[in-house]
Amino acid sequence: MPYRPPLVPHEYFVADPPELPVRARGEEGLSAVTRAEVVAADGAGVTLKAFTGAEETLVVQVGAAGEGVIRVRLAQDADARTRSSRAIALVNPGAHPATLEGLDDGSGRLVVDAGAVRAEITLAPFHLRFTDAAGGLLTEQDPGHTDISGRLRTLPFGRSLATGPVAYHESLVAAPDEAFAGFGESFTPLDKRGQRPLMWNFDAFGAESQRAYKNVPFYLSSRGYGLLVDSGLPTEFDVCQSTHSTVQIIVPDDLIDYYVIAGPTPSEVLDRFDLLTCRPALPPKWAFGTWISSGFFVDTQERVLDRAKKIRERGIPCDVLHLDTYWQTEGHWSDLRWDPERFPDPDAMLAELDGMGFKVCLWMNPYVSHLSPLFAEATDYFLKNQEGEVYVADCWHGSYPACAFVDLTNPEAVAWFQGLLRPLLQQGVQVFKTDFAEGVPHDARAHNGMSGLELHNVYSLLFNDAVAEVTREVHGHTLVWARSSFLGGQRHSAQWSGDIATSYAAMGSTIRGGLSHGLSGIPFWSHDAGGFTGTPSDDLYVRWAQFGALSPLVRFHGTTSREPWEFPAVEEEVRAAIRLRYSLMPYLYSAAVESARTGAPMMRALCVDHPDDPVAWRADLEYLLGRDLLVAPMTSPTGERQVYLPQGDWVDYWSGETLTGGRYVTVVKPLDQIPLFVRHGALIPTTEPGDTVGDHPEITVVSFGDGDGRTTIHDTDGETTVTRTGGVLTSTGPKRVSFRR
């Protein structure tokens, strides 16, 4: 009988998460906190003995974890820790004093005051309410409403039991007009209301669904707060999907441990988020130049050098050449060894490329084929199955031999793995593209005793940490080009959106993914210009190149060539887009330095700078690049689209026309122009584009409008401040600055 595909496709993945148990009809198992008693208090918060409707006794802890941060924990005992912490600490809260009110007045009401956010606790019936410093409501626990039939519609603060504890849960009230953003690199609409993000790293299969390579259990609310869940397990957020008035959080871990983070602006929330996790790592300056890839087909030393010469001869600014899988022998992509026939003298090649001003990036991943010569020598360094044998699985969806997973919880395995990378770095390779790492099966077993379920998400952090560490050892920077990530991944300073489809629709999904990831604390992000799978049409290639050129980082890569000269009809338009990026490099690098210091994304959803504008939380096909440039990639082959301009005046970069904001405008642009607007009054530092990013001692500051203004140019030689007062422009600092209106 011939094969007939299903009516609805369903993707199966070797590392799909296990389903949570479902209680049978009438079966008991809900253990909700009903009341509590104070058992201890200190300068940071309170510990409560909690009683549940299932006659259990649990422990609730509410305290300050930083200025403007409240931490809430519910567990079997006070010492419970998330299971992923056995491999890595995801959140590192500092000690912070809290003001406690109501401990001795017999009112049954307590307040834990952390400055910009307060937790109001009612002991019986138990209830938590979170306010800002002035007492304005941010959110509060949903009491667990029942419908007319007596059925509970939301999961209350507590846990569910089957053969044992299955998951802890919490429900928080959502205002009717509240918007929610974040959750990592989610390719769905920016406002996640009505969605159900699952914190489980998947191969995203085209990057146009809720499947995500990079999940972050954190969201920002338009009500002026953020919420972070500390768990590496597959936490699920029901964002007003089951019930439109409630966000439900389900954590299949040994506790629920969450943080309410004050704003009121998204930038302030992200600043506090970084203090709990880590600051973003600033990439080397050359990383902000163009990355051009070999593409996903056979490469050779001769072709790499020819590509480099063509780039320079054709005046295409470029700093990084990426060599994808075929720098290795075909079929041996796990060996981390040059193909000796196609790359007979990599030392000479790397030296020649360095002399031409190119850095080199190599593709790699943490899986080892069972056919690789490395497999036999490293059997002690791989994850194991339930029988204690090496876990071998189809990580490539049938397109490559089954592989084992390097066990990055084993220090000896990490040292062995880094030992494969170190000689390549010492040879002159500058950076690795850290591909995959979403494939740890839930039933695997690790050296440190963790299950694959517990390890799956945080494995991406261990992988990128290991590669970043050996890169820093050799080259002094921690840059990787990562596909997967998790909470705290902003320390891995370059992440890209994975294997995206080649279409205008996919470009739209990619923009949404970048905006969501930026609102999850990741400022340095990129994507494959032109799309990855397939060959773009000439117009799509140009439009995507323009989007890439005005992204935090830019790379040209795909299953077919993305070299500009392979698109001769539009090569000039693509070169112009790249040259525009290099001319804006003083502005872009200054924005990058600010992002690394503050956590605010470079590619920022409009709500970052306009949090009180409801449209800014939903306009997800445009963004601010830094503070002053508004970019609206052309997502239609017609060359026409609607662009929302936030409040204020905006100057069309190309025509100089000033437009009033607070409204949508229809924008029509020819193929050689991306819709680009400048905040009226902005001072934009520019330079003459060169072959590479380099250092630019001479800067031209372009003034878009009148009025007083100020900007700071950050560079490797220090800071230069430019001021406009009464129409007069002055500068102080190491740069030689000229001015142009």
# chains A, B, ... in the order shown; residues from 1 in each chain; ligands from 1
$ residues_around --residues "Pro252 (chain A)" --least-positions-apart "3" --cutoff "7 Å" --atoms "only C-alpha atoms" --output "ChimeraX atom specification"
/A:166-168,233-235
$ closest_atom_pairs --of "region 207-305 of chain A" --to "region 580-588 of chain A" --cutoff "12 Å" --atoms "only C-alpha atoms" --output "tab-separated table"
residue	atom	partner	partner_atom	distance
A:Lys285	CA	A:Met585	CA	9.6
A:Trp286	CA	A:Met585	CA	10.4
A:Ala287	CA	A:Met585	CA	11.4
A:Phe288	CA	A:Met585	CA	8.0
A:Gly289	CA	A:Tyr582	CA	7.3
A:Thr290	CA	A:Tyr582	CA	8.8
$ atom_distance --atom1 "CA of Ser294 (chain A)" --atom2 "CA of Asp324 (chain A)"
6.2 Å
$ residues_around --residues "Glu719 (chain A)" --least-positions-apart "2" --cutoff "12 Å" --atoms "only C-alpha atoms" --output "list in words"
Pro586, Tyr589, Ser590, Val593, Glu594, Pro697, Thr711, Thr712, Ile713, His714, Asp715, Thr716, Asp717, Thr721, Val722, Ser731, Thr732, Gly733, Pro734, Lys735 and Arg736 of chain A
$ residues_around --residues "region 201-211 of chain A" --least-positions-apart "4" --cutoff "7 Å" --atoms "only C-alpha atoms" --output "mmCIF file with N, CA and C atoms, in the first residue's frame"
data_model
loop_
_atom_site.group_PDB
_atom_site.id
_atom_site.type_symbol
_atom_site.label_atom_id
_atom_site.label_comp_id
_atom_site.auth_asym_id
_atom_site.auth_seq_id
_atom_site.Cartn_x
_atom_site.Cartn_y
_atom_site.Cartn_z
ATOM 1 N N SER A 186 10.829 33.212 20.623
ATOM 2 C CA SER A 186 9.545 32.684 20.175
ATOM 3 C C SER A 186 9.162 33.344 18.858
ATOM 4 N N PHE A 187 8.852 32.522 17.850
ATOM 5 C CA PHE A 187 8.589 33.027 16.504
ATOM 6 C C PHE A 187 7.125 33.401 16.290
ATOM 7 N N THR A 188 6.346 33.354 17.337
ATOM 8 C CA THR A 188 4.923 33.691 17.276
ATOM 9 C C THR A 188 4.730 35.175 17.579
ATOM 10 N N PRO A 197 3.396 28.911 25.863
ATOM 11 C CA PRO A 197 4.814 28.580 25.669
ATOM 12 C C PRO A 197 5.281 27.466 26.614
ATOM 13 N N ASN A 215 14.667 28.864 24.846
ATOM 14 C CA ASN A 215 13.578 29.215 25.744
ATOM 15 C C ASN A 215 14.133 29.895 26.991
ATOM 16 N N GLU A 438 19.955 20.761 21.207
ATOM 17 C CA GLU A 438 18.586 20.646 21.736
ATOM 18 C C GLU A 438 18.143 19.180 21.844
ATOM 19 N N ASN A 457 17.408 21.151 28.882
ATOM 20 C CA ASN A 457 17.473 22.589 28.595
ATOM 21 C C ASN A 457 18.823 23.198 28.941
ATOM 22 N N ASP A 499 17.406 27.365 11.607
ATOM 23 C CA ASP A 499 17.133 26.957 10.222
ATOM 24 C C ASP A 499 15.785 27.486 9.741
ATOM 25 N N ILE A 500 15.766 28.738 9.404
ATOM 26 C CA ILE A 500 14.536 29.402 8.983
ATOM 27 C C ILE A 500 14.230 29.115 7.514
ATOM 28 N N ALA A 501 12.961 29.126 7.185
ATOM 29 C CA ALA A 501 12.544 28.936 5.805
ATOM 30 C C ALA A 501 12.870 30.185 4.978
ATOM 31 N N ALA A 506 8.436 33.780 6.529
ATOM 32 C CA ALA A 506 9.462 33.348 7.470
ATOM 33 C C ALA A 506 10.305 34.519 7.956
ATOM 34 N N SER A 509 8.376 35.935 10.757
ATOM 35 C CA SER A 509 8.527 35.126 11.973
ATOM 36 C C SER A 509 9.888 35.365 12.610
#
$ decode --residues "region 78-106 of chain A" --atoms "N, CA, C and O atoms" --output "mmCIF file, in the first residue's frame"
data_model
loop_
_atom_site.group_PDB
_atom_site.id
_atom_site.type_symbol
_atom_site.label_atom_id
_atom_site.label_comp_id
_atom_site.auth_asym_id
_atom_site.auth_seq_id
_atom_site.Cartn_x
_atom_site.Cartn_y
_atom_site.Cartn_z
ATOM 1 N N ALA A 78 12.303 23.657 53.245
ATOM 2 C CA ALA A 78 12.949 24.943 52.988
ATOM 3 C C ALA A 78 14.245 24.805 52.201
ATOM 4 O O ALA A 78 14.713 25.786 51.610
ATOM 5 N N ASP A 79 14.833 23.624 52.185
ATOM 6 C CA ASP A 79 16.118 23.443 51.510
ATOM 7 C C ASP A 79 15.981 22.896 50.093
ATOM 8 O O ASP A 79 16.987 22.591 49.450
ATOM 9 N N ALA A 80 14.785 22.760 49.590
ATOM 10 C CA ALA A 80 14.578 22.200 48.246
ATOM 11 C C ALA A 80 15.259 23.074 47.195
ATOM 12 O O ALA A 80 15.276 24.300 47.298
ATOM 13 N N ARG A 81 15.807 22.418 46.188
ATOM 14 C CA ARG A 81 16.456 23.116 45.085
ATOM 15 C C ARG A 81 15.955 22.534 43.766
ATOM 16 O O ARG A 81 15.619 21.356 43.679
ATOM 17 N N THR A 82 15.935 23.372 42.740
ATOM 18 C CA THR A 82 15.538 22.874 41.434
ATOM 19 C C THR A 82 16.517 21.809 40.970
ATOM 20 O O THR A 82 17.720 21.867 41.254
ATOM 21 N N ARG A 83 16.023 20.818 40.262
ATOM 22 C CA ARG A 83 16.855 19.680 39.874
ATOM 23 C C ARG A 83 17.952 20.072 38.892
ATOM 24 O O ARG A 83 19.017 19.449 38.869
ATOM 25 N N SER A 84 17.731 21.086 38.091
ATOM 26 C CA SER A 84 18.759 21.503 37.134
ATOM 27 C C SER A 84 19.960 22.144 37.811
ATOM 28 O O SER A 84 21.036 22.232 37.213
ATOM 29 N N SER A 85 19.804 22.584 39.071
ATOM 30 C CA SER A 85 20.910 23.229 39.775
ATOM 31 C C SER A 85 22.040 22.254 40.064
ATOM 32 O O SER A 85 23.145 22.671 40.414
ATOM 33 N N ARG A 86 21.799 20.965 39.896
ATOM 34 C CA ARG A 86 22.875 19.990 40.067
ATOM 35 C C ARG A 86 23.930 20.144 38.981
ATOM 36 O O ARG A 86 25.075 19.717 39.148
ATOM 37 N N ALA A 87 23.535 20.727 37.856
ATOM 38 C CA ALA A 87 24.486 20.946 36.768
ATOM 39 C C ALA A 87 24.966 22.383 36.705
ATOM 40 O O ALA A 87 26.134 22.642 36.399
ATOM 41 N N ILE A 88 24.075 23.335 36.989
ATOM 42 C CA ILE A 88 24.413 24.739 36.791
ATOM 43 C C ILE A 88 23.415 25.611 37.535
ATOM 44 O O ILE A 88 22.228 25.284 37.607
ATOM 45 N N ALA A 89 23.891 26.694 38.111
ATOM 46 C CA ALA A 89 22.999 27.659 38.760
ATOM 47 C C ALA A 89 22.466 28.612 37.709
ATOM 48 O O ALA A 89 23.231 29.279 37.006
ATOM 49 N N LEU A 90 21.145 28.671 37.572
ATOM 50 C CA LEU A 90 20.519 29.538 36.585
ATOM 51 C C LEU A 90 20.305 30.950 37.110
ATOM 52 O O LEU A 90 20.387 31.918 36.354
ATOM 53 N N VAL A 91 19.997 31.056 38.390
ATOM 54 C CA VAL A 91 19.718 32.354 39.016
ATOM 55 C C VAL A 91 20.617 32.480 40.237
ATOM 56 O O VAL A 91 20.793 31.519 40.992
ATOM 57 N N ASN A 92 21.186 33.658 40.409
ATOM 58 C CA ASN A 92 22.106 33.902 41.525
ATOM 59 C C ASN A 92 21.652 35.127 42.304
ATOM 60 O O ASN A 92 22.248 36.205 42.198
ATOM 61 N N PRO A 93 20.604 34.982 43.099
ATOM 62 C CA PRO A 93 20.091 36.150 43.829
ATOM 63 C C PRO A 93 21.054 36.589 44.919
ATOM 64 O O PRO A 93 21.717 35.765 45.564
ATOM 65 N N GLY A 94 21.127 37.876 45.100
ATOM 66 C CA GLY A 94 21.954 38.397 46.176
ATOM 67 C C GLY A 94 21.124 38.650 47.426
ATOM 68 O O GLY A 94 19.898 38.713 47.380
ATOM 69 N N ALA A 95 21.792 38.747 48.559
ATOM 70 C CA ALA A 95 21.096 39.094 49.799
ATOM 71 C C ALA A 95 20.677 40.558 49.735
ATOM 72 O O ALA A 95 21.451 41.420 49.326
ATOM 73 N N HIS A 96 19.439 40.814 50.129
ATOM 74 C CA HIS A 96 18.951 42.188 50.100
ATOM 75 C C HIS A 96 17.999 42.391 51.270
ATOM 76 O O HIS A 96 17.108 41.572 51.506
ATOM 77 N N PRO A 97 18.176 43.469 52.010
ATOM 78 C CA PRO A 97 17.276 43.697 53.149
ATOM 79 C C PRO A 97 15.869 44.033 52.701
ATOM 80 O O PRO A 97 15.661 44.706 51.688
ATOM 81 N N ALA A 98 14.894 43.532 53.443
ATOM 82 C CA ALA A 98 13.485 43.844 53.185
ATOM 83 C C ALA A 98 12.887 44.482 54.424
ATOM 84 O O ALA A 98 13.292 44.191 55.553
ATOM 85 N N THR A 99 11.925 45.347 54.220
ATOM 86 C CA THR A 99 11.145 45.899 55.321
ATOM 87 C C THR A 99 9.927 45.005 55.529
ATOM 88 O O THR A 99 9.179 44.739 54.587
ATOM 89 N N LEU A 100 9.741 44.511 56.756
ATOM 90 C CA LEU A 100 8.625 43.620 57.072
ATOM 91 C C LEU A 100 7.599 44.372 57.899
ATOM 92 O O LEU A 100 7.945 45.050 58.878
ATOM 93 N N GLU A 101 6.353 44.250 57.523
ATOM 94 C CA GLU A 101 5.269 44.902 58.250
ATOM 95 C C GLU A 101 4.225 43.861 58.638
ATOM 96 O O GLU A 101 3.989 42.904 57.906
ATOM 97 N N GLY A 102 3.612 44.047 59.821
ATOM 98 C CA GLY A 102 2.476 43.226 60.233
ATOM 99 C C GLY A 102 2.824 41.957 60.970
ATOM 100 O O GLY A 102 1.936 41.143 61.249
ATOM 101 N N LEU A 103 4.096 41.744 61.317
ATOM 102 C CA LEU A 103 4.476 40.485 61.968
ATOM 103 C C LEU A 103 3.819 40.313 63.331
ATOM 104 O O LEU A 103 3.440 39.201 63.716
ATOM 105 N N ASP A 104 3.666 41.388 64.071
ATOM 106 C CA ASP A 104 3.218 41.273 65.460
ATOM 107 C C ASP A 104 1.881 41.937 65.742
ATOM 108 O O ASP A 104 1.487 42.068 66.911
ATOM 109 N N ASP A 105 1.162 42.357 64.718
ATOM 110 C CA ASP A 105 -0.067 43.105 65.006
ATOM 111 C C ASP A 105 -1.315 42.223 65.017
ATOM 112 O O ASP A 105 -2.430 42.716 65.246
ATOM 113 N N GLY A 106 -1.141 40.916 64.753
ATOM 114 C CA GLY A 106 -2.283 40.002 64.831
ATOM 115 C C GLY A 106 -3.304 40.167 63.730
ATOM 116 O O GLY A 106 -4.386 39.580 63.801
#
